[in-house]
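Chemist: Got a structure for you, written out below as structure tokens; questions coming shortly.
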Amino acid sequence: MKARHLAWGETMSEQKQGEGRGLPLPTYVSYLMYQTEQHRRALAADCIAQHGISFPKWVALASLASFGECSMTRLARLSAADRTTLTRSIDGLIRDGLVERGTQASDRRKVVVRLTTEGQAILARIREDIHPINQEVCSELTEEEQTNLATYLKKILGGLISEPEWKHEVLSYGPGAVVPVWNHG
């Protein structure tokens, strides 16, 4: 199929829907998702920074709040974070008293991390402040369009995660059935 570019004065709605400057539809969809996330992330990072937290630290805090205590490997997979960045973020959060390390009661060799009370409190303040940004991101969509978009994004994301247990936890944005018992280490 030959790529087609916008003619002078032609709008995107007049062009075959989904083709961005001649890009194949899957490439254009990926481009739009990337651009949307980058713009949303910039808005969120500014809001989060007002609380003295970097975006990667916020991702770690939000993931621990959603998934519960985790090993670093599990947290990296569930948060889709780079392991090196995540380790640095968790180390900083521990220094700041927002996260703590411990061991699982069932296997004391396994180190896990979890939110402290202070971590839960700052996360609640950030979530309150970031709510209007999330509203703004979706402001051009009706509730039905937001529901449809969420359905499509879950389908895309689900297709990218091959392990059923990880897929379920990530798509439901919460812990699985097993909740580890905590021991301070």
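Chain identifiers are assigned as A, B, and so on, following the order in which chains appear in the structure tokens; residues are numbered from 1 within each chain, and ligands are numbered from 1 in order of appearance.
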Within segment 11-163 of chain A, find each residue whose DSSP state, derived from the backbone, is alpha helix (DSSP H), and express the selection as an MDAnalysis selection string.
Modeler: chainID A and resid 25:49 55:67 72:79 83:95 117:137 143:160
Chemist: Find the nearest atom pair between each residue of segment 34-81 of chain A and segment 125-128 of chain A for residues within 9 Å, count only C-alpha atoms, give distances in Å to one decimal, sort rows by chain and ascending number, and present the table as a Markdown table.
Modeler:
```
| residue | atom | partner | partner_atom | distance |
| --- | --- | --- | --- | --- |
| A:Cys47 | CA | A:Ile126 | CA | 7.7 |
| A:Ile48 | CA | A:Ile126 | CA | 6.3 |
| A:Gln50 | CA | A:Ile126 | CA | 8.9 |
| A:His51 | CA | A:Ile126 | CA | 7.1 |
| A:Trp58 | CA | A:Ile126 | CA | 8.7 |
```
Chemist: Would you mind exporting the chosen residues as a compact mmCIF listing (two decimals), in the first residue's frame, restricted to C-alpha atoms?
Modeler:
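The resulting file, part_21.txt, is reproduced below:
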```
# COMPACT_ATOMS: atom_id res chain seq x y z
CA CYS A 47 2.60 18.39 40.08
CA ILE A 48 4.51 15.58 41.79
CA GLN A 50 5.79 20.16 44.24
CA HIS A 51 5.78 17.40 46.86
CA TRP A 58 5.92 8.44 42.45
```
Chemist: With only C-alpha atoms as the counted atoms, please give the residues lying no more than 12 Å from Ile122 of chain A, apart from itself and same-chain residues fewer than 6 positions off, as a list in words.
Modeler: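 Non-adjacent residues within range: Ile48, Ala49, Gln50, His51, Gly52, Ile53, Lys57, Trp58, Leu61, Ala62, Ala65, Leu93, Asp96, Gly97, Leu98, Val99, Leu115, Thr116, Glu128 and Asp129 of chain A.
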Chemist: Go ahead and dump the residues you just picked, N, CA and C atoms, as a PDB file, in the first residue's frame.
Modeler:
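See result.pdb below for the written result:
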```
ATOM      1  N   ILE A  48       3.859  16.468  40.834  1.00  0.00           N
ATOM      2  CA  ILE A  48       4.515  15.583  41.794  1.00  0.00           C
ATOM      3  C   ILE A  48       5.737  16.255  42.403  1.00  0.00           C
ATOM      4  N   ALA A  49       6.473  16.998  41.598  1.00  0.00           N
ATOM      5  CA  ALA A  49       7.689  17.681  42.063  1.00  0.00           C
ATOM      6  C   ALA A  49       7.378  18.684  43.171  1.00  0.00           C
ATOM      7  N   GLN A  50       6.179  19.227  43.184  1.00  0.00           N
ATOM      8  CA  GLN A  50       5.791  20.161  44.241  1.00  0.00           C
ATOM      9  C   GLN A  50       5.760  19.488  45.614  1.00  0.00           C
ATOM     10  N   HIS A  51       5.761  18.163  45.612  1.00  0.00           N
ATOM     11  CA  HIS A  51       5.778  17.396  46.859  1.00  0.00           C
ATOM     12  C   HIS A  51       7.180  16.867  47.163  1.00  0.00           C
ATOM     13  N   GLY A  52       8.160  17.287  46.355  1.00  0.00           N
ATOM     14  CA  GLY A  52       9.535  16.845  46.569  1.00  0.00           C
ATOM     15  C   GLY A  52       9.800  15.425  46.115  1.00  0.00           C
ATOM     16  N   ILE A  53       8.975  14.932  45.192  1.00  0.00           N
ATOM     17  CA  ILE A  53       9.077  13.547  44.702  1.00  0.00           C
ATOM     18  C   ILE A  53       9.306  13.591  43.195  1.00  0.00           C
ATOM     19  N   LYS A  57       9.950   8.014  41.502  1.00  0.00           N
ATOM     20  CA  LYS A  57       9.613   7.703  42.903  1.00  0.00           C
ATOM     21  C   LYS A  57       8.098   7.615  43.069  1.00  0.00           C
ATOM     22  N   TRP A  58       7.380   8.489  42.384  1.00  0.00           N
ATOM     23  CA  TRP A  58       5.923   8.440  42.453  1.00  0.00           C
ATOM     24  C   TRP A  58       5.394   7.126  41.875  1.00  0.00           C
ATOM     25  N   LEU A  61       5.877   4.542  44.536  1.00  0.00           N
ATOM     26  CA  LEU A  61       4.897   4.708  45.617  1.00  0.00           C
ATOM     27  C   LEU A  61       3.511   4.247  45.181  1.00  0.00           C
ATOM     28  N   ALA A  62       3.075   4.693  44.021  1.00  0.00           N
ATOM     29  CA  ALA A  62       1.743   4.337  43.524  1.00  0.00           C
ATOM     30  C   ALA A  62       1.635   2.831  43.280  1.00  0.00           C
ATOM     31  N   ALA A  65       1.323   1.062  46.596  1.00  0.00           N
ATOM     32  CA  ALA A  65      -0.028   1.266  47.125  1.00  0.00           C
ATOM     33  C   ALA A  65      -1.031   0.348  46.433  1.00  0.00           C
ATOM     34  N   LEU A  93      13.480   6.580  48.568  1.00  0.00           N
ATOM     35  CA  LEU A  93      12.236   6.558  49.343  1.00  0.00           C
ATOM     36  C   LEU A  93      12.456   5.969  50.739  1.00  0.00           C
ATOM     37  N   ASP A  96      14.061   8.623  52.752  1.00  0.00           N
ATOM     38  CA  ASP A  96      13.073   9.647  53.087  1.00  0.00           C
ATOM     39  C   ASP A  96      12.010   9.155  54.066  1.00  0.00           C
ATOM     40  N   GLY A  97      12.064   7.859  54.418  1.00  0.00           N
ATOM     41  CA  GLY A  97      11.091   7.302  55.362  1.00  0.00           C
ATOM     42  C   GLY A  97       9.731   7.012  54.759  1.00  0.00           C
ATOM     43  N   LEU A  98       9.652   6.946  53.427  1.00  0.00           N
ATOM     44  CA  LEU A  98       8.372   6.719  52.759  1.00  0.00           C
ATOM     45  C   LEU A  98       8.139   5.251  52.399  1.00  0.00           C
ATOM     46  N   VAL A  99       9.207   4.470  52.376  1.00  0.00           N
ATOM     47  CA  VAL A  99       9.164   3.038  52.069  1.00  0.00           C
ATOM     48  C   VAL A  99      10.105   2.352  53.051  1.00  0.00           C
ATOM     49  N   LEU A 115       5.081   0.458  51.606  1.00  0.00           N
ATOM     50  CA  LEU A 115       4.893   1.851  52.000  1.00  0.00           C
ATOM     51  C   LEU A 115       4.883   1.967  53.523  1.00  0.00           C
ATOM     52  N   THR A 116       5.422   3.071  54.016  1.00  0.00           N
ATOM     53  CA  THR A 116       5.268   3.422  55.425  1.00  0.00           C
ATOM     54  C   THR A 116       4.006   4.279  55.550  1.00  0.00           C
ATOM     55  N   GLU A 128      -4.525  13.596  45.385  1.00  0.00           N
ATOM     56  CA  GLU A 128      -5.511  14.679  45.440  1.00  0.00           C
ATOM     57  C   GLU A 128      -5.135  15.801  44.472  1.00  0.00           C
ATOM     58  N   ASP A 129      -3.851  16.129  44.424  1.00  0.00           N
ATOM     59  CA  ASP A 129      -3.386  17.205  43.552  1.00  0.00           C
ATOM     60  C   ASP A 129      -3.348  16.801  42.080  1.00  0.00           C
TER      61      ASP A 129
END
```
Chemist: Using only C-alpha atoms, pick whichever of A:Gly102, A:Gly68, A:Gly119, A:Pro56 has the shortest atom-to-atom distance to Leu86 of chain A.
Modeler: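 Selected residue with least distance to Leu86 of chain A: A:Pro56.
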Chemist: Where in segment 30-133 of chain A does DSSP assign strand (DSSP E or B), given as a list in words?
Modeler: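 Restricting segment 30-133 of chain A to strand (DSSP E or B) produces Cys70, Val99, Glu100, Arg101, Gly102, Thr103, Gln104, Val111, Val112, Val113, Arg114 and Leu115 of chain A.
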Chemist: Using the selection just defined, write its residues with N, CA and C atoms as an mmCIF file, in the first residue's frame.
Modeler:
```cif
data_model
loop_
_atom_site.group_PDB
_atom_site.id
_atom_site.type_symbol
_atom_site.label_atom_id
_atom_site.label_comp_id
_atom_site.auth_asym_id
_atom_site.auth_seq_id
_atom_site.Cartn_x
_atom_site.Cartn_y
_atom_site.Cartn_z
ATOM 1 N N CYS A 70 6.118 -5.838 47.836
ATOM 2 C CA CYS A 70 6.655 -6.552 46.675
ATOM 3 C C CYS A 70 8.145 -6.762 46.819
ATOM 4 N N VAL A 99 9.207 4.470 52.376
ATOM 5 C CA VAL A 99 9.164 3.038 52.069
ATOM 6 C C VAL A 99 10.105 2.352 53.051
ATOM 7 N N GLU A 100 9.801 1.101 53.375
ATOM 8 C CA GLU A 100 10.705 0.325 54.235
ATOM 9 C C GLU A 100 10.935 -1.051 53.642
ATOM 10 N N ARG A 101 12.098 -1.625 54.003
ATOM 11 C CA ARG A 101 12.449 -2.982 53.576
ATOM 12 C C ARG A 101 12.169 -3.942 54.711
ATOM 13 N N GLY A 102 11.826 -5.166 54.349
ATOM 14 C CA GLY A 102 11.624 -6.231 55.331
ATOM 15 C C GLY A 102 11.771 -7.566 54.630
ATOM 16 N N THR A 103 11.426 -8.621 55.341
ATOM 17 C CA THR A 103 11.474 -9.962 54.742
ATOM 18 C C THR A 103 10.104 -10.601 54.849
ATOM 19 N N GLN A 104 9.870 -11.571 54.006
ATOM 20 C CA GLN A 104 8.620 -12.326 54.068
ATOM 21 C C GLN A 104 8.732 -13.352 55.184
ATOM 22 N N VAL A 111 13.608 -10.464 50.286
ATOM 23 C CA VAL A 111 13.467 -9.076 50.724
ATOM 24 C C VAL A 111 12.305 -8.443 49.968
ATOM 25 N N VAL A 112 11.453 -7.745 50.708
ATOM 26 C CA VAL A 112 10.315 -7.051 50.108
ATOM 27 C C VAL A 112 10.309 -5.598 50.594
ATOM 28 N N VAL A 113 9.606 -4.756 49.872
ATOM 29 C CA VAL A 113 9.456 -3.357 50.249
ATOM 30 C C VAL A 113 7.971 -3.042 50.359
ATOM 31 N N ARG A 114 7.649 -2.046 51.206
ATOM 32 C CA ARG A 114 6.262 -1.609 51.347
ATOM 33 C C ARG A 114 6.246 -0.154 51.770
ATOM 34 N N LEU A 115 5.081 0.458 51.606
ATOM 35 C CA LEU A 115 4.893 1.851 52.000
ATOM 36 C C LEU A 115 4.883 1.967 53.523
#
```
Chemist: Using only C-alpha atoms, pick whichever of A:Leu78, A:Ala45, A:Leu64, A:Leu123 has the shortest atom-to-atom distance to Glu169 of chain A.
Modeler: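 Smallest distance to Glu169 of chain A is found for A:Leu78.
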Chemist: Rounded to one decimal in Å, what is the spacing between atom CA of Tyr152 of chain A and atom CA of Ile130 of chain A?
Modeler: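 According to the coordinates, atom CA of Tyr152 of chain A and atom CA of Ile130 of chain A are separated by 23.6 Å.
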Chemist: So the first atom is atom CA of Leu171 of chain A and the second is atom CA of Ala150 of chain A; what is the distance between them in Å, to one decimal place?
Modeler: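 The value is 10.3 Å.
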Chemist: Counting only C-alpha atoms, which of A:Gln135, A:Gln38, A:Thr87, A:Ser162 gets nearest to Thr73 of chain A?
Modeler: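 That would be A:Thr87, the residue with the smallest distance to Thr73 of chain A.
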Chemist: Tell me which protein, DNA and RNA residues are within 12 Å of Lys167 of chain A, counting only C-alpha atoms, leaving out same-chain ones fewer than 2 positions away, and put them as a VMD selection string.
Modeler: chain A and resid 77 to 80 154 to 165 169 to 176
Chemist: If you measure from atom CA of Phe55 of chain A to atom CA of Glu143 of chain A, what distance in Å do you get, rounded to one decimal?
Modeler: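 Distance between the two atoms: 27.4 Å.
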Chemist: Have a look at A:Met72, A:Arg41, A:Tyr28, A:Leu23 and name the one nearest to Asn134 of chain A; count only C-alpha atoms.
Modeler: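 Closest residue, counting only C-alpha atoms: A:Arg41.
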